[in-house]
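The structure appears below as C-alpha cells.
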Number of protein chains: 2
Amino acid sequence: MSTPPPSAPPARRQFLRRAAAIGGATLSAAAASAATPSAAAPEAPLAIPPWTRQPGEPVLWHPYGEPSPFERHVQRRSRGGAPLPGAASSMTPLQDLFGIITPSGLVFERHHAGIPQIDPQQHRLVIHGLAQRPRIFTMDDLVRFPSVSRIHFLECSGNTGTEWAKPTSANVQLSLGLLSCCEWTGVPLSVLLDEVGVKPEVAWVLAEGADGAAMSRSIPIQKAFEDALVVYAQNGERLRPESGYPLRLFLPGFEGNMSIKWLRRLKLGTEPFMSREETAKYTDSLPDGNARQFSFLMDAKSVITRPSPGHLLQGAGFYDISGLAWSGRGRVHRVEVSVDGGRQWREARLEGPVLNRALTRFSLPWQWDGAPTVLQSRVTDESGQVQPTRNQLVQARGLNSIYHYNAIQSWRVAADGSLSNVHA
Amino acid sequence: MSTPPPSAPPARRQFLRRAAAIGGATLSAAAASAATPSAAAPEAPLAIPPWTRQPGEPVLWHPYGEPSPFERHVQRRSRGGAPLPGAASSMTPLQDLFGIITPSGLVFERHHAGIPQIDPQQHRLVIHGLAQRPRIFTMDDLVRFPSVSRIHFLECSGNTGTEWAKPTSANVQLSLGLLSCCEWTGVPLSVLLDEVGVKPEVAWVLAEGADGAAMSRSIPIQKAFEDALVVYAQNGERLRPESGYPLRLFLPGFEGNMSIKWLRRLKLGTEPFMSREETAKYTDSLPDGNARQFSFLMDAKSVITRPSPGHLLQGAGFYDISGLAWSGRGRVHRVEVSVDGGRQWREARLEGPVLNRALTRFSLPWQWDGAPTVLQSRVTDESGQVQPTRNQLVQARGLNSIYHYNAIQSWRVAADGSLSNVHA
C-alpha cells in the first residue's frame with residue numbers, strides 16, 4: 001500500500017536489467033548455489049544430467065500423449081458441497097495456465113446429471129416444432145455440412161458466485177475457474193435452421209441435452225441466427241465426453257449452461273419454454289424481490305492469474321503480472337492494472353490475436369518494492385462496458401444473487417510474498 | 001475427370017438445399033430407415049436413448065480429461081522402419097482433426113534418442129560462449145521473465161519425404177502428419193540474449209538438447225533476435241514430455257528439428273557449428289551432387305484433409321472440401337482448390353484468424369457428380385511463393401532429396417467414393 005507510484009513507466013530495457021539481477025545467476029554463482037535447494041542438482045552447471053546419459057522413452061510411448069508426471073498437480077478441482085456427484089462442477093486451474101487456450105483435459109465441468117457415454121453412431125439431432133421441414137440429423141450428416149472454427153471463451157454464470165458474500169475462495173481456480181477457452185468447430189446453427197425452414201412466427205428455440213437431466217434452455221431466435229454453433233470438435237479433436245461428446249450447442253458470450261451439451265433436440269416455438277433451468281435456477285434475484293429474466297450475456301471481466309494466491313513472490317524485484325480478460329459483448333478493448341489497491345491504474349499489454357468473445361491474455365511489468373499491497377485488473381470491452389468495483393456491482397444488483405458476479409478481483413500481497421483473496 | 005465445371009459458383013443456399021437432400025431425412029423417412037445401418041438405433045427418432053435414462057459419470061471422473069472411448073482410433077501413428085525405437089517419428093492424424101489447433105496429445109514426434117524424463121527443478125539453461133555475462137537459468141527464473149504466446153505450426157523437414165519417389169503413403173497422416181500447430185508460450189530469445197550481452201562478432205548460436213542425442217543445431221543470430229522463443233508451455237499448459245518438457249527452442253517457420261527440444265544450452269559463436277544434424281543429416285542433395293546448405297525455411301504448402309484417403313464419399317452430392325495451408329515465410333495469402341486434377345482452380349474460403357506462420361484452415365463447397373476425379377489444393381503465401389507442382393519441384397531439386405518436399409498433393413476419387421494418394 002505504501003508503494004510510491006513510479007514517476008514514469010520504466011522502459012522495457014530497464015525492467016529486463018532488473019530482471020537479470022533477480023532471475024539470472026552468473027556461472028560461478030550458480031555453481032556455488034547448486035548444492036542448496038534441490039537435492040539432486042547437478043554438481044557443476046555444465047555437467048551432463050542423468051537423462052542425457054541414457055536413451056529416453058521410445059516414440060509412441062503414449063500414442064495419445066499425456067502431461068509430464070511432474071505436472072500431476074495441474075488438474076481440475078471441485079469446491080465440493082454438491083448434492084450429487086453428477087450434479088456438480090469442477091474448475092480450471094487458471095493459476096497454472098498460459099496463453100488463451102485451455103487444454104481440453106482441463107476445461108471446467110458443470111453437469112446436472114453426470115456425463116452420459118454416448119455412441120456417436122446412435123446419436124441423433126432432431127429439429128422440429130414450428131419448422132417447414134422437420135429433420136433428424138446423424139453425426140455423419142452434420143460433419144458433411146460446411147463448418148466453421150472459432151476460438152471462444154465459455155464461462156458458467158455461477159463463476160465467482162462465492163464472492164458475493166465474502167472472499168471465501170482460496171485461489172483463482174476455486175473463485176474463477178468455471179472459465180475456459182477453446183477452438184470450437186461445428187456447423188453454424190443458421191445453416192441448419194435454413195435447412196428445416198423456420199416459420200415466420202418463431203421467436204425462440206428450445207435446446208435439450210441427451211443427459212439424464214435432459215438439460216433444457218430457451219434461446220432467442222436472433223442469437224440462433226447470429227452466431228450460434230452446433231459443435232462437434234474442440235481444440236482440433238472431437239469434443240470430450242464431459243464437454244458434450246458427440247454434439248453440443250455453443251452460444252458465444254452467453255452463460256455456459258445455455259450451450260447445451262450432448263445436444264439431441266431443438267424445438268422451434270413462439271415463446272420461451274420456461275424450463276426449470278431458466279426459472280427456478282439461473283435467474284438473478286434483485287434487492288426488490290424481483291428476478292432478472294433473462295440474463296444471457298456474460299459481462300466484461302478480468303483477473304490476474306500470475307501472481308495469484310498459491311504463488312509465492314521471491315522477495316522484492318521484477319515480476320511480470322499476467323492475467324485474462326473477456327466479455328460476452330465482444331472484444332476486449334483495454335485492460336488496466338493497479339498495483340496499489342486501485343489508486344493508480346496503468347494500461348496492460350494485450351497479447352494478440354484479440355478475438356471476439358475469447359479470452360485475452362494481458363500483462364504488465366511490475367517492480368515490487370517488498371511492501372504489502374493489493375493487485376487488481378479492470379477490463380473495458382469494445383461495447384464500452386467497464387468492469388465494476390464490488391461496491392458498484394452490489395449497489396446495482398444487491399446481495400441475493402448467485403450468478404453474474406463480474407467485479408474487480410483483488411489479490412493482497414503480503415510482505416512475505418504470499419497472496420490472498422480480499423475485498424479491497 | 002469428366003466433371004463439367006459449373007458455369008458459375010453456385011450460391012451457398014443452393015448447396016445447402018442439395019446437402020439437405022443428402023444429409024437430412026424427414027422424421028418419417030428417418031423412422032423407417034432407423035432399423036437399417038446401426039444395430040442399436042433408436043426405434044423412433046424422439047425415443048429416449050439409454051444414456052438419458054440413467055445418471056452419467058460424476059464430475060471429476062477424470063481430473064485430467066481424456067477423449068471418448070469411441071475416439072480411440074484417433075492417435076499418433078508411425079510409418080515404422082526406424083532403426084531404433086527412440087530415433088523415430090510418429091505422425092499427427094490430420095484426417096481426423098478440425099480447425100487449426102493440434103491437441104497436445106496428438107502433436108507429431110521426432111526424437112533422436114527418445115524422450116528424456118526431466119525433473120524441471122533440476123533443469124538448467126546455460127547461455128555462454130561469446131557472451132558478456134554468461135548465465136545459468138532455472139525454470140523459475142525463466143517463467144519470471146515477460147512472456148509471449150503465439151500460435152505457430154511446426155513441421156519436420158522430412159514431412160512428405162516419401163512422396164519424392166512414388167506416392168507410397170496410404171493416407172494424409174502417413175504422408176503429411178509430421179505437422180502440428182499449437183499455441184506456444186515462452187520468453188523471446190531476444191530478451192535472454194539482451195540479458196547475457198551478445199558480443200558484436202556473434203553471428204550464430206548453437207542450441208543443444210538435454211536428450212541422449214544432445215541434439216544440436218546452429219541458429220543464425222538474426223533469427224534468434226527476430227522471433228525465436230524459449231518455450232515452456234503449449235496449448236495453455238506446460239510442454240508435454242515428447243514436445244520438449246520442460247523447455248524447448250521454437251523457431252517460427254523453420255524446419256522442426258531446429259526448434260531444439262529439452263533445451264539445455266545456447267552457445268554464442270561466429271560460425272555455424274557444423275553439428276552432425278546439419279551436415280550428415282538435414283541437408284538436401286541436389287542433382288549436381290552438391291548439397292543445399294542451409295535450408296531452414298519451410299516452404300508454402302497445403303493439403304486437403306477432408307475428404308482424403310480413408311474417408312469414403314457416400315455417393316454423388318454435396319461435400320465440403322476442407323484442408324490446411326501454411327508457409328514458413330509468413331501468412332497464407334490465398335488457397336485455390338481444383339476438383340478436376342488441376343485444370344480449373346477455384347478460390348477457397350480461409351477460416352480466420354489467418355496468423356503468421358500458423359496453419360490456416362481452408363474450405364470449398366463441392367458438388368460431386370459421382371465420376372472419378374482428382375482433388376488438389378495450391379497455396380500462395382504473403383511473400384508470393386506459390387506451391388509448385390511435383391514436376392516443377394523435381395525439375396528444381398532433382399530426386400536425391402529427402403527433405404523439403406512441398407509439391408501439390410493429389411487425391412484420386414474413385415467412382416465408389418474411395419480416395420487414394422496419386423501423382424497427377
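Order determines the names: the first chain of the C-alpha cells is A, the second B, and so forth; residues in each chain are numbered 1 upward, and ligands are numbered 1 upward as they are shown.
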- Task: Apply DSSP to the backbone of this structure and, from range 28-243 of chain B, keep only the residues in strand (DSSP E); write these as a ChimeraX atom specification.
- Result: /B:89-90,109-110,124-129,135-138,148-155,179-188,204-209,216-220,229-234,237-238
- Near range 101-112 of chain A, counting only C-alpha atoms, which residues have an atom at most 9 Å away, once you skip same-chain residues fewer than 5 positions from it, shown as a VMD selection string? (chain A and resid 74 to 77 84 86 to 94 151 153 to 156 177 to 183 211 to 215 234 to 235 239 to 240 242 to 243 256 to 257 359) or (chain B and resid 58 to 60 62 to 67 103 to 104 183 234 to 237)
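When only C-alpha atoms are used to measure the gap to Ala47 in chain A, the shortest distance among B:Ile321, B:Lys261, B:Gln117, B:Gln122 belongs to B:Gln122.
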- Give me the residues within 12 Å of Asn406 in chain B as a VMD selection string, counting only C-alpha atoms and dropping any in the same chain fewer than 2 places off. chain B and resid 155 to 164 175 to 176 297 to 303 325 to 328 377 to 379 385 to 394 397 401 to 404 408 to 409
Resulting file, chosen residues, C-alpha atoms, as a PDB file, in the first residue's frame:
```
ATOM      1  CA  GLU B 155       6.728 -29.174 -39.441  1.00  0.00           C
ATOM      2  CA  CYS B 156       9.520 -31.686 -39.814  1.00  0.00           C
ATOM      3  CA  SER B 157      11.655 -31.018 -42.892  1.00  0.00           C
ATOM      4  CA  GLY B 158      11.218 -34.725 -43.690  1.00  0.00           C
ATOM      5  CA  ASN B 159       7.442 -34.351 -43.858  1.00  0.00           C
ATOM      6  CA  THR B 160       6.072 -35.817 -47.130  1.00  0.00           C
ATOM      7  CA  GLY B 161       9.572 -37.104 -47.902  1.00  0.00           C
ATOM      8  CA  THR B 162       8.107 -40.397 -49.087  1.00  0.00           C
ATOM      9  CA  GLU B 163       6.469 -38.534 -51.980  1.00  0.00           C
ATOM     10  CA  TRP B 164       9.741 -37.748 -53.789  1.00  0.00           C
ATOM     11  CA  SER B 175       2.297 -38.642 -45.833  1.00  0.00           C
ATOM     12  CA  LEU B 176       1.907 -35.216 -44.191  1.00  0.00           C
ATOM     13  CA  LEU B 297      12.677 -22.151 -44.043  1.00  0.00           C
ATOM     14  CA  MET B 298       9.665 -24.361 -44.608  1.00  0.00           C
ATOM     15  CA  ASP B 299       8.113 -23.527 -47.969  1.00  0.00           C
ATOM     16  CA  ALA B 300       4.479 -22.780 -48.816  1.00  0.00           C
ATOM     17  CA  LYS B 301       2.406 -25.955 -48.671  1.00  0.00           C
ATOM     18  CA  SER B 302      -1.176 -27.125 -48.397  1.00  0.00           C
ATOM     19  CA  VAL B 303      -3.211 -30.323 -48.327  1.00  0.00           C
ATOM     20  CA  ALA B 325      -2.293 -24.381 -45.664  1.00  0.00           C
ATOM     21  CA  TRP B 326       0.870 -22.873 -44.192  1.00  0.00           C
ATOM     22  CA  SER B 327       4.189 -21.236 -45.004  1.00  0.00           C
ATOM     23  CA  GLY B 328       7.393 -20.575 -43.099  1.00  0.00           C
ATOM     24  CA  SER B 377      -5.052 -27.625 -53.329  1.00  0.00           C
ATOM     25  CA  ARG B 378      -2.486 -24.894 -54.030  1.00  0.00           C
ATOM     26  CA  VAL B 379      -1.424 -22.165 -51.614  1.00  0.00           C
ATOM     27  CA  GLN B 385       5.537 -18.069 -53.141  1.00  0.00           C
ATOM     28  CA  VAL B 386       3.173 -20.440 -54.968  1.00  0.00           C
ATOM     29  CA  GLN B 387       3.111 -24.122 -54.041  1.00  0.00           C
ATOM     30  CA  PRO B 388       4.717 -25.963 -57.009  1.00  0.00           C
ATOM     31  CA  THR B 389       3.518 -28.972 -58.934  1.00  0.00           C
ATOM     32  CA  ARG B 390       5.521 -32.129 -58.413  1.00  0.00           C
ATOM     33  CA  ASN B 391       7.132 -31.705 -61.844  1.00  0.00           C
ATOM     34  CA  GLN B 392       8.236 -28.161 -61.054  1.00  0.00           C
ATOM     35  CA  LEU B 393       9.698 -29.256 -57.730  1.00  0.00           C
ATOM     36  CA  VAL B 394      11.603 -32.203 -59.192  1.00  0.00           C
ATOM     37  CA  ARG B 397      15.637 -30.020 -56.872  1.00  0.00           C
ATOM     38  CA  SER B 401      16.389 -35.114 -51.646  1.00  0.00           C
ATOM     39  CA  ILE B 402      14.680 -36.435 -48.572  1.00  0.00           C
ATOM     40  CA  TYR B 403      13.658 -33.081 -47.157  1.00  0.00           C
ATOM     41  CA  HIS B 404      11.517 -30.052 -48.011  1.00  0.00           C
ATOM     42  CA  ILE B 408       0.780 -30.030 -54.673  1.00  0.00           C
ATOM     43  CA  GLN B 409      -0.818 -33.176 -53.206  1.00  0.00           C
TER      44      GLN B 409
END
```
- DSSP-assigned helix (DSSP H, G or I) members of range 159-384 of chain B, reported as number ranges by chain: B: 161-163, 172-176, 189-196, 221-226, 241-243, 256-258, 276-278
- Pick from A:Val337, A:Val202, A:Leu399, A:Leu364, whichever lies nearest to chain B using only C-alpha atoms: A:Leu364
- Atom pair CA of Ala203 in chain A + CA of His152 in chain A, distance 25.1 Å
- Interatomic distance (Å, one decimal) between CA of Arg72 in chain A and CA of Arg361 in chain A: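 According to the coordinates, CA of Arg72 in chain A and CA of Arg361 in chain A are separated by 24.2 Å.
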- Minimum-distance residue to Gly99 in chain B, chosen among B:Ser218, B:Ser363, B:Thr380, B:Asn356 (using only C-alpha atoms):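 The closest residue to Gly99 in chain B is B:Ser363.
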- Task: Find the residues around Gly315 in chain B up to 8 Å (only C-alpha atoms counted), leave out those fewer than 4 positions away in its own chain, and share them as a ChimeraX atom specification.
- Result: /B:370,416-417
Write the residues of the selection above to a file with C-alpha atoms, as a short mmCIF file (atom, residue, chain, number, x, y, z; two decimals), in the first residue's frame.
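See again18.cif below for the written result:
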```cif
data_model
loop_
_atom_site.label_atom_id
_atom_site.label_comp_id
_atom_site.auth_asym_id
_atom_site.auth_seq_id
_atom_site.Cartn_x
_atom_site.Cartn_y
_atom_site.Cartn_z
CA GLY B 370 -20.09 -39.33 -58.85
CA ASP B 416 -17.06 -45.95 -55.38
CA GLY B 417 -16.22 -42.87 -53.29
#
```
- Which is closer to Lys267 in chain A than all the others in A:Pro55, A:Gly209, A:Pro69, A:Gly398, using only C-alpha atoms?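 Nearest to Lys267 in chain A: A:Gly209.
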- Mind pulling up the distance from CA of Gly352 in chain A to CA of Ser149 in chain B?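 Between these atoms lies a distance of 8.1 Å.
Ranking A:Leu268, A:Val172, A:Leu355, A:Met258 by their shortest atom-to-atom distance to chain B, with only C-alpha atoms included, puts A:Leu355 first.
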- Among the residues A:Val126, A:Val354, A:Ile115, A:Ala348, the one that comes closest to chain B [using only C-alpha atoms]: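 For chain B, the nearest of the given residues is A:Ile115.
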- Message: Please list as a list in words every residue within 8 Å of Leu312 in chain A, counting only C-alpha atoms and excluding residues in the same chain fewer than 4 positions away.
- Response: Pro307, Gly417, Ser418 and Leu419 of chain A
